[in-house]
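Encoded as structure tokens, the structure appears first; notes follow it.
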Amino acid sequence: MALRAVTLDAAGTLVAVAEPVGETYARTAGRHGLRISPAKAEAGFRRAFAVAPPLAFPGASPSRLDAHERAWWYTIVRQALGATARGPAFDACFEELYAHYATAAAWRVLPGVHGVLANLRARGLRLAVVSNFDGRLGPLLDGLGLRPLVDAVIVSSRAGSAKPDPAIFGAALAALDVGAGETLHAGDEPLEDALGAHGAGLRAVLVGGRPSPRALPPGVALLGSLAELPALIDAETLA
């Protein structure tokens, strides 16, 4: 079946944080009188993020989604900062961090991404970002110059489901008006992106060299970087 659309993960595939999270957390905490080392903040963030529930709120009232998103991240940041995260000082620290990560200054576009998206659009392909993220992503991508290069941005908190759930991929297919077999998903997470997309019936590529190809479902290609995607499409080796 001819390829008509490409969906792409955001963090780790299109964009990355401008500096390690632990450094940003520790510096911001320090401005509010909360002391924690960057290494400890980084480790705390990774632990908190690994055990957090999906960033999705099925059945939630649209008017409450902003509050749900903030509460989800409040828990992550509080756990990341540990014992120091208490009182009005922590609340002010959280507000600063939450606002910071909504700005383009907190992020960087990964090398070659603009060119790849422009290449895919020039082929007439429909493009969407599919990310386990919140409502800040669309404006953030706009600030980074990426939003005009895609047709839709689907975030888990607004879709009511998070990757690897097939439902979020279904939301992207509906937004692009394409079928699963006509669509390729590219992302850097083996479970959320490669296995999730494959399970939803999309073709899939894993970006970033993880894991061994033997650990991937049949037909899932492994790319060193997103810059390799146009050549892979040209080779017509996608299962």
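Letters A, B, ... mark the chains of the structure tokens in the order given; residue numbers begin at 1 per chain; ligand numbers begin at 1, in order shown.
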
_All residues 6 Å or closer to A:Asp188, only C-alpha atoms, same chain fewer than 2 positions away omitted, as a VMD selection string_ = chain A and resid 13 206 to 208

_Expected answer as JSON, numbers by chain: alpha helix (DSSP H) residues in stretch 141-219 of chain A_ = {"A": [141, 142, 143, 156, 157, 158, 159, 166, 167, 168, 169, 170, 171, 172, 173, 174, 175, 176, 196, 197, 198, 199]}

*Kindly indicate which residue among A:His198, A:Arg158, A:His32, A:Arg136 lies nearest to A:Thr84, using only C-alpha atoms for the distances.*
A:His32

_Within 8 Å of A:Asp9 using only C-alpha atoms, minus same-chain residues under 4 positions, as a PyMOL selection string_ = chain A and resi 13-14+129-131+185-188+193

Now that the selection is made, can you save its residues with N, CA, C and O atoms as a short mmCIF file (atom, residue, chain, number, x, y, z; two decimals), in the first residue's frame?
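result_11.cif, freshly written:
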```cif
data_model
loop_
_atom_site.label_atom_id
_atom_site.label_comp_id
_atom_site.auth_asym_id
_atom_site.auth_seq_id
_atom_site.Cartn_x
_atom_site.Cartn_y
_atom_site.Cartn_z
N THR A 13 12.86 12.83 19.23
CA THR A 13 12.82 12.57 17.79
C THR A 13 12.92 13.87 17.00
O THR A 13 13.73 13.99 16.08
N LEU A 14 12.10 14.84 17.36
CA LEU A 14 12.14 16.16 16.71
C LEU A 14 12.87 17.18 17.56
O LEU A 14 13.60 18.03 17.02
N VAL A 129 2.46 15.18 14.40
CA VAL A 129 3.23 14.86 15.59
C VAL A 129 2.31 14.12 16.54
O VAL A 129 1.18 14.55 16.78
N VAL A 130 2.78 13.00 17.06
CA VAL A 130 2.01 12.19 18.02
C VAL A 130 2.88 12.01 19.25
O VAL A 130 3.90 11.32 19.20
N SER A 131 2.49 12.63 20.35
CA SER A 131 3.40 12.71 21.50
C SER A 131 2.66 12.52 22.82
O SER A 131 1.55 13.00 23.00
N HIS A 185 5.11 5.59 11.26
CA HIS A 185 5.42 6.35 12.48
C HIS A 185 6.90 6.24 12.79
O HIS A 185 7.48 5.15 12.73
N ALA A 186 7.51 7.37 13.15
CA ALA A 186 8.92 7.42 13.52
C ALA A 186 9.04 7.97 14.93
O ALA A 186 8.48 9.01 15.25
N GLY A 187 9.77 7.26 15.79
CA GLY A 187 9.98 7.72 17.16
C GLY A 187 11.16 7.02 17.79
O GLY A 187 11.71 6.06 17.22
N ASP A 188 11.56 7.48 18.97
CA ASP A 188 12.79 6.98 19.59
C ASP A 188 12.56 6.00 20.72
O ASP A 188 13.53 5.49 21.30
N ASP A 193 6.76 3.99 20.79
CA ASP A 193 6.74 4.32 19.37
C ASP A 193 6.76 3.08 18.46
O ASP A 193 5.83 2.86 17.70
#
```

*Excluding same-chain residues fewer than 6 positions from A:Ala180, what lies within 10 Å of it counting only C-alpha atoms, as JSON, numbers by chain?*
{"A": [3, 4, 5, 169, 170, 172, 173, 174, 197, 198, 200, 201, 202, 203]}

*Name the residues of stretch 67-137 of chain A that come out as strand (DSSP E or B) in a backbone DSSP run; write them as JSON, numbers by chain.*
{"A": [107, 108, 109, 126, 127, 128, 129, 130, 131]}

Keeping C-alpha atoms for every residue in the selection just given, could you write it to a file as a PDB file, in the first residue's frame?
```
ATOM      1  CA  TRP A 107      14.188  23.210  23.914  1.00  0.00           C
ATOM      2  CA  ARG A 108      16.295  22.703  20.804  1.00  0.00           C
ATOM      3  CA  VAL A 109      15.380  21.241  17.441  1.00  0.00           C
ATOM      4  CA  ARG A 126       0.582  14.261   5.341  1.00  0.00           C
ATOM      5  CA  LEU A 127       2.446  14.829   8.620  1.00  0.00           C
ATOM      6  CA  ALA A 128       1.431  14.747  12.269  1.00  0.00           C
ATOM      7  CA  VAL A 129       3.234  14.860  15.593  1.00  0.00           C
ATOM      8  CA  VAL A 130       2.008  12.186  18.015  1.00  0.00           C
ATOM      9  CA  SER A 131       3.395  12.706  21.498  1.00  0.00           C
TER      10      SER A 131
END
```

*Quick one: everything within 12 Å of A:Gly199, counting only C-alpha atoms, minus sequence neighbours fewer than 3 positions away in the same chain. Send it as a list in words.*
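The neighbour list is Lys163, Pro164, Asp165, Pro166, Ala167, Ile168, Phe169, Gly170, Ala180, Gly181, His185, Leu191, Glu192, Asp193, Ala194, Leu195, Gly196, Leu202, Arg203, Ala204, Leu216, Pro217, Pro218 and Val220 of chain A.
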
Grab the residues selected above and save them as an mmCIF file, in the first residue's frame with C-alpha atoms.
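The result, stored in result01.cif:
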```cif
data_model
loop_
_atom_site.group_PDB
_atom_site.id
_atom_site.type_symbol
_atom_site.label_atom_id
_atom_site.label_comp_id
_atom_site.auth_asym_id
_atom_site.auth_seq_id
_atom_site.Cartn_x
_atom_site.Cartn_y
_atom_site.Cartn_z
ATOM 1 C CA LYS A 163 1.344 5.745 23.451
ATOM 2 C CA PRO A 164 1.562 2.754 23.147
ATOM 3 C CA ASP A 165 -2.263 2.740 23.294
ATOM 4 C CA PRO A 166 -3.550 2.335 19.705
ATOM 5 C CA ALA A 167 -6.205 4.995 20.358
ATOM 6 C CA ILE A 168 -3.770 7.904 20.155
ATOM 7 C CA PHE A 169 -2.507 6.647 16.807
ATOM 8 C CA GLY A 170 -6.127 6.328 15.717
ATOM 9 C CA ALA A 180 -3.034 2.786 9.263
ATOM 10 C CA GLY A 181 -1.465 0.806 6.418
ATOM 11 C CA HIS A 185 5.417 6.346 12.484
ATOM 12 C CA LEU A 191 7.670 0.507 23.514
ATOM 13 C CA GLU A 192 5.735 3.719 22.974
ATOM 14 C CA ASP A 193 6.744 4.321 19.370
ATOM 15 C CA ALA A 194 7.918 1.139 17.624
ATOM 16 C CA LEU A 195 5.709 -1.406 19.364
ATOM 17 C CA GLY A 196 2.840 1.038 19.826
ATOM 18 C CA LEU A 202 1.086 1.504 11.201
ATOM 19 C CA ARG A 203 4.450 0.916 9.641
ATOM 20 C CA ALA A 204 7.168 1.937 12.069
ATOM 21 C CA LEU A 216 11.842 -5.122 17.258
ATOM 22 C CA PRO A 217 8.702 -6.495 15.624
ATOM 23 C CA PRO A 218 9.135 -7.774 12.057
ATOM 24 C CA VAL A 220 10.302 -2.213 12.030
#
```

*Please indicate the distance in Å from atom CA of A:Thr7 to atom CA of A:Arg64, rounded to one decimal place.*
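If I compute the distance from atom CA of A:Thr7 to atom CA of A:Arg64, I get 27.4 Å.
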
*Using only C-alpha atoms, which of A:Cys93, A:Gly145, A:Val21, A:Ala231 sits nearest A:Val113?*
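Residue with the minimum atom-to-atom distance to A:Val113: A:Gly145.
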
*Record the distance separating atom CA of A:Val150 and atom CA of A:Val205, expressed in Å with one decimal.*
18.4 Å
